[in-house]
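S.K.: Next up, run13.cif (mmCIF, C-alpha atoms).
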```cif
data_upload
#
loop_
_atom_site.label_atom_id
_atom_site.label_comp_id
_atom_site.auth_asym_id
_atom_site.auth_seq_id
_atom_site.Cartn_x
_atom_site.Cartn_y
_atom_site.Cartn_z
CA MET A 22 19.03 -63.99 0.32
CA VAL A 23 20.11 -67.02 2.32
CA ILE A 24 23.42 -67.01 4.16
CA GLY A 25 24.74 -70.26 5.64
CA ASN A 26 26.68 -70.82 8.86
CA ASN A 27 30.12 -69.25 9.35
CA VAL A 28 30.11 -67.32 6.07
CA ARG A 29 33.12 -64.96 5.96
CA LEU A 30 32.74 -61.55 4.34
CA ARG A 31 35.95 -59.52 3.95
CA ASN A 32 34.41 -56.12 3.40
CA GLU A 33 37.48 -53.82 3.50
CA PRO A 34 39.05 -51.98 1.76
CA THR A 35 36.35 -52.42 -0.92
CA ARG A 36 32.81 -53.34 0.06
CA ILE A 37 31.14 -56.53 -1.03
CA ARG A 38 27.95 -55.91 -3.04
CA LEU A 39 25.11 -58.46 -2.91
CA ALA A 40 21.90 -57.45 -4.65
CA THR A 41 18.79 -59.01 -6.13
CA VAL A 42 15.61 -57.95 -7.86
CA PRO A 43 12.42 -59.17 -6.10
CA GLN A 44 12.41 -62.49 -8.00
CA GLY A 45 16.18 -63.02 -7.64
CA ALA A 46 17.94 -65.09 -4.99
CA ILE A 47 21.47 -65.37 -3.63
CA ILE A 48 22.24 -68.49 -1.59
CA LEU A 49 25.61 -68.77 0.17
CA GLY A 50 26.33 -72.19 1.66
CA ASP A 51 28.08 -72.91 4.95
CA GLU A 52 31.68 -71.72 5.35
CA VAL A 53 31.67 -69.70 2.10
CA SER A 54 34.28 -66.94 1.96
CA LEU A 55 33.77 -63.73 -0.03
CA ASN A 56 36.80 -61.47 -0.33
CA THR A 57 36.90 -57.72 -0.72
CA GLY A 58 35.09 -56.16 -3.67
CA VAL A 59 33.01 -59.20 -4.65
CA HIS A 60 29.89 -58.17 -6.61
CA ILE A 61 26.97 -60.60 -6.95
CA PHE A 62 23.71 -59.57 -8.62
CA SER A 63 20.77 -61.92 -9.14
CA ALA A 64 17.66 -61.58 -11.24
CA ALA A 65 17.08 -65.38 -11.15
CA ARG A 66 19.18 -67.41 -8.68
CA ILE A 67 22.84 -67.69 -7.72
CA ASP A 68 23.88 -70.62 -5.50
CA VAL A 69 27.38 -70.77 -4.01
CA GLY A 70 28.11 -74.17 -2.47
CA GLY A 71 29.61 -74.68 0.96
CA TRP A 72 33.32 -74.18 1.58
CA SER A 73 33.77 -72.22 -1.64
CA ARG A 74 36.31 -69.38 -1.80
CA ILE A 75 35.52 -66.31 -3.88
CA GLY A 76 38.51 -64.01 -4.56
CA ASP A 77 38.83 -60.24 -4.53
CA ASN A 78 36.71 -58.34 -7.07
CA VAL A 79 34.98 -61.42 -8.50
CA ALA A 80 31.75 -60.56 -10.34
CA MET A 81 28.77 -62.91 -10.77
CA PHE A 82 25.72 -61.75 -12.71
CA ASP A 83 22.87 -64.04 -13.74
CA THR A 84 21.50 -61.42 -16.13
CA SER A 85 22.84 -59.23 -18.91
CA PHE A 86 20.65 -56.35 -17.57
CA HIS A 87 19.76 -55.03 -21.07
CA PRO A 88 18.49 -56.70 -24.25
CA VAL A 89 21.00 -57.06 -27.04
CA HIS A 90 18.51 -57.02 -29.90
CA GLU A 91 15.49 -54.81 -30.43
CA GLY A 92 12.28 -56.59 -29.56
CA ARG A 93 14.02 -59.19 -27.39
CA SER A 94 13.70 -59.38 -23.62
CA VAL A 95 16.41 -59.97 -21.07
CA ARG A 96 16.58 -63.63 -20.06
CA PRO A 97 18.14 -64.18 -16.62
CA ARG A 98 19.75 -67.61 -16.21
CA PRO A 99 20.76 -69.12 -12.85
CA ILE A 100 24.38 -69.59 -11.79
CA THR A 101 25.38 -72.62 -9.73
CA ILE A 102 28.75 -72.81 -7.98
CA GLY A 103 29.46 -76.24 -6.48
CA ARG A 104 31.02 -77.14 -3.13
CA ASN A 105 34.64 -76.26 -2.35
CA VAL A 106 35.12 -74.19 -5.51
CA TRP A 107 37.90 -71.60 -5.66
CA ILE A 108 37.32 -68.57 -7.90
CA GLY A 109 40.38 -66.34 -8.28
CA ARG A 110 40.69 -62.56 -8.16
CA ASN A 111 38.91 -60.50 -10.85
CA ALA A 112 37.16 -63.50 -12.42
CA ILE A 113 33.76 -62.92 -14.03
CA ILE A 114 31.03 -65.56 -13.94
CA LEU A 115 28.32 -64.95 -16.56
CA PRO A 116 24.63 -65.98 -16.71
CA GLY A 117 23.75 -69.66 -16.92
CA VAL A 118 27.14 -70.98 -15.76
CA SER A 119 27.48 -74.06 -13.56
CA ILE A 120 30.82 -74.83 -11.88
CA GLY A 121 31.28 -78.33 -10.48
CA ASP A 122 32.52 -79.30 -7.01
CA HIS A 123 36.24 -78.83 -6.23
CA SER A 124 36.94 -76.85 -9.40
CA VAL A 125 39.23 -73.81 -9.65
CA VAL A 126 38.76 -70.71 -11.81
CA ALA A 127 42.04 -68.81 -12.25
CA ALA A 128 42.37 -65.10 -11.57
CA GLY A 129 41.06 -62.82 -14.32
CA SER A 130 39.12 -65.56 -16.11
CA VAL A 131 35.82 -64.90 -17.87
CA VAL A 132 33.53 -67.92 -17.53
CA PHE A 133 30.59 -68.23 -19.90
CA ASP A 134 30.50 -72.03 -20.25
CA ASP A 135 29.93 -74.79 -17.68
CA ILE A 136 32.96 -76.15 -15.81
CA PRO A 137 32.76 -79.82 -14.76
CA ALA A 138 33.75 -80.96 -11.27
CA ARG A 139 37.44 -81.19 -10.35
CA GLN A 140 38.89 -79.06 -13.13
CA VAL A 141 41.07 -75.95 -13.35
CA TRP A 142 40.08 -73.35 -15.96
CA ARG A 143 41.72 -70.06 -16.91
CA GLY A 144 41.68 -67.26 -19.47
CA ASN A 145 39.29 -65.13 -21.48
CA PRO A 146 37.32 -67.04 -22.51
CA ALA A 147 38.05 -69.55 -19.74
CA ALA A 148 39.36 -72.88 -21.01
CA PHE A 149 40.30 -76.20 -19.42
CA VAL A 150 43.85 -76.45 -17.98
CA LYS A 151 44.01 -79.64 -15.90
CA HIS A 152 42.17 -81.93 -13.52
CA VAL A 153 42.05 -81.40 -9.73
CA ARG A 154 42.83 -84.32 -7.43
CA ALA A 155 40.34 -84.06 -4.55
CA THR A 156 38.32 -86.52 -2.50
CA ASP A 157 34.64 -85.77 -1.91
CA ASP A 158 35.30 -84.56 1.65
CA PHE A 159 38.26 -82.26 0.79
CA ARG A 160 37.71 -78.67 1.95
CA ARG A 161 39.95 -75.70 1.20
CA SER A 162 41.02 -73.75 4.27
#
```
Show how you would write the structure in this file as structure tokens.
M.R.:
Amino acid sequence: MVIGNNVRLRNEPTRIRLATVPQGAIILGDEVSLNTGVHIFSAARIDVGGWSRIGDNVAMFDTSFHPVHEGRSVRPRPITIGRNVWIGRNAIILPGVSIGDHSVVAAGSVVFDDIPARQVWRGNPAAFVKHVRATDDFRRS
């Protein structure tokens, strides 16, 4: 686990849960903010870019934990969250997802497909809503 400078963890009223298996990795960039109840589990690698904001009860799992089909193994796939990304309350980020810089995931969304930079997505399954106007150096406060 790697935690950048000035990472903010809001651990009350519900604890944040960060866990990995021995080969997993969680990397939190500088100025990342995790709100109450966030649950991140890595069996491969989860990168959260600097200045990203992760809302209450967001879940990120880079593995499905159990095989779906008999005779098949579990295949962990890394998750990459870009810089200055905002993920709303109760969103779920599934294995293999990449979210581009400055994008926004609306509350309650389930993301199983990549989200390009500077886009807003919402829903279950998450779908494109609109573009985000942001310069490269924009940082959410």
S.K.: Identify, on the basis of only C-alpha atoms, every residue whose closest approach to A:Asp158 does not exceed 10 Å; exclude the query and any residue fewer than 4 positions from it along the same chain; express the result as a count of residues only.
M.R.: 3
S.K.: Which of these residues is nearest to A:Asp68, using all atoms listed in the file: A:Val153, A:Ala46, A:Val131, A:Ile114?
M.R.: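 Among the listed residues, A:Ala46 lies closest to A:Asp68.
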S.K.: Of the residues A:Pro97, A:Pro34, A:Gly117, A:Gly103, which is the one nearest to A:Ile48, using all atoms listed in the file?
M.R.: A:Gly103
S.K.: To one decimal in Å, tell me the separation between atom CA of A:Asp157 and atom CA of A:Ser130.
M.R.: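 Taking atom CA of A:Asp157 as the start and atom CA of A:Ser130 as the end point, the length is 25.1 Å.
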S.K.: Residues within 9 Å of (24.7, -65.3, -21.2), file coordinates, counting only C-alpha atoms: what are they? Give the list as a ChimeraX atom specification.
M.R.: /A:83-85,96-98,115-118,133-134
S.K.: List, as a list in words, every residue that the PyMOL selection byres ((chain A and resi 143) around 8) selects in the file provided.
M.R.: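 Selected by the PyMOL selection byres ((chain A and resi 143) around 8) here: Val126, Ala127, Ala128, Gly129, Ser130, Val131, Val141, Trp142, Gly144, Asn145, Pro146, Ala147, Ala148, Phe149 and Val150 of chain A.
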S.K.: Specify as a list in words each residue included when the PyMOL selection byres ((chain A and resi 80) around 10) is applied to this file.
M.R.: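 Taken on the displayed file, the PyMOL selection byres ((chain A and resi 80) around 10) yields the residues Arg38, Gly58, Val59, His60, Ile61, Phe62, Ile75, Gly76, Asp77, Asn78, Val79, Met81, Phe82, Arg110, Asn111, Ala112, Ile113, Ile114, Leu115 and Val131 of chain A.
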S.K.: Run the PyMOL selection byres ((chain A and resi 45) around 8) on the file and write out the hits as a list in words.
M.R.: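 Evaluating the PyMOL selection byres ((chain A and resi 45) around 8) on this file yields Thr41, Val42, Pro43, Gln44, Ala46, Ile47, Ser63, Ala64, Ala65 and Arg66 of chain A.
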S.K.: Neighbourhood query: residues within 7 Å of (37.8, -66.8, -1.2), file coordinates, counting all atoms listed in the file; return as a VMD selection string.
M.R.: chain A and resid 54 to 56 73 to 76 107 to 108
S.K.: Take the selection from the previous step and output its residues with C-alpha atoms, as a PDB file, in the coordinates of the input.
M.R.:
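What follows is the written file out-v1.pdb:
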```
ATOM      1  CA  SER A  54      34.280 -66.940   1.960  1.00  0.00           C
ATOM      2  CA  LEU A  55      33.770 -63.730  -0.030  1.00  0.00           C
ATOM      3  CA  ASN A  56      36.800 -61.470  -0.330  1.00  0.00           C
ATOM      4  CA  SER A  73      33.770 -72.220  -1.640  1.00  0.00           C
ATOM      5  CA  ARG A  74      36.310 -69.380  -1.800  1.00  0.00           C
ATOM      6  CA  ILE A  75      35.520 -66.310  -3.880  1.00  0.00           C
ATOM      7  CA  GLY A  76      38.510 -64.010  -4.560  1.00  0.00           C
ATOM      8  CA  TRP A 107      37.900 -71.600  -5.660  1.00  0.00           C
ATOM      9  CA  ILE A 108      37.320 -68.570  -7.900  1.00  0.00           C
TER      10      ILE A 108
END
```
S.K.: What is the distance between atom CA of A:Arg29 and atom CA of A:Glu52, in Å to one decimal?
M.R.: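 For atom CA of A:Arg29 relative to atom CA of A:Glu52, the distance reads 6.9 Å.
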S.K.: Using the file's own x, y and z axes, what box holds all listed atoms of stretch 26-35 of chain A with 4 Å on each side, keeping edges along x, y and z, and what are its centre and edge lengths in Å to one decimal, as lines of an AutoDock Vina configuration file?
M.R.:
```
center_x = 32.9
center_y = -61.4
center_z = 4.2
size_x = 20.4
size_y = 26.8
size_z = 18.3
```
S.K.: Select, from A:Ala155, A:Val69, A:Ile120, A:Val23, the residue with the minimum atom-to-atom distance to A:Ala138, counting only C-alpha atoms.
M.R.: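 Answer, going by the shortest atom-to-atom distance: A:Ile120.
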S.K.: Name the closest residue to A:Thr156 among the candidates A:Ser94, A:Asn32, A:Asp122, A:Val132; distances are taken between atoms, counting only C-alpha atoms.
M.R.: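 Nearest to A:Thr156: A:Asp122.
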S.K.: Please compute the atom CA of A:Gly70-atom CA of A:Thr101 distance, one decimal, in Å.
M.R.: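 Calculated distance between atom CA of A:Gly70 and atom CA of A:Thr101 is 7.9 Å.
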S.K.: Looking at only C-alpha atoms, which of A:Gly71, A:Gly92, A:Gly121, A:Pro99 is the one that sits closest to A:Leu49?
M.R.: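 Looking only at the distances to A:Leu49, the closest residue turns out to be A:Gly71.
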S.K.: From the set A:Asp51, A:Met22, A:Thr57, A:Asp135, which residue has the shortest atom-to-atom contact distance to A:Thr35, counting all atoms listed in the file?
M.R.: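 Smallest separation from A:Thr35 among the options: A:Thr57.
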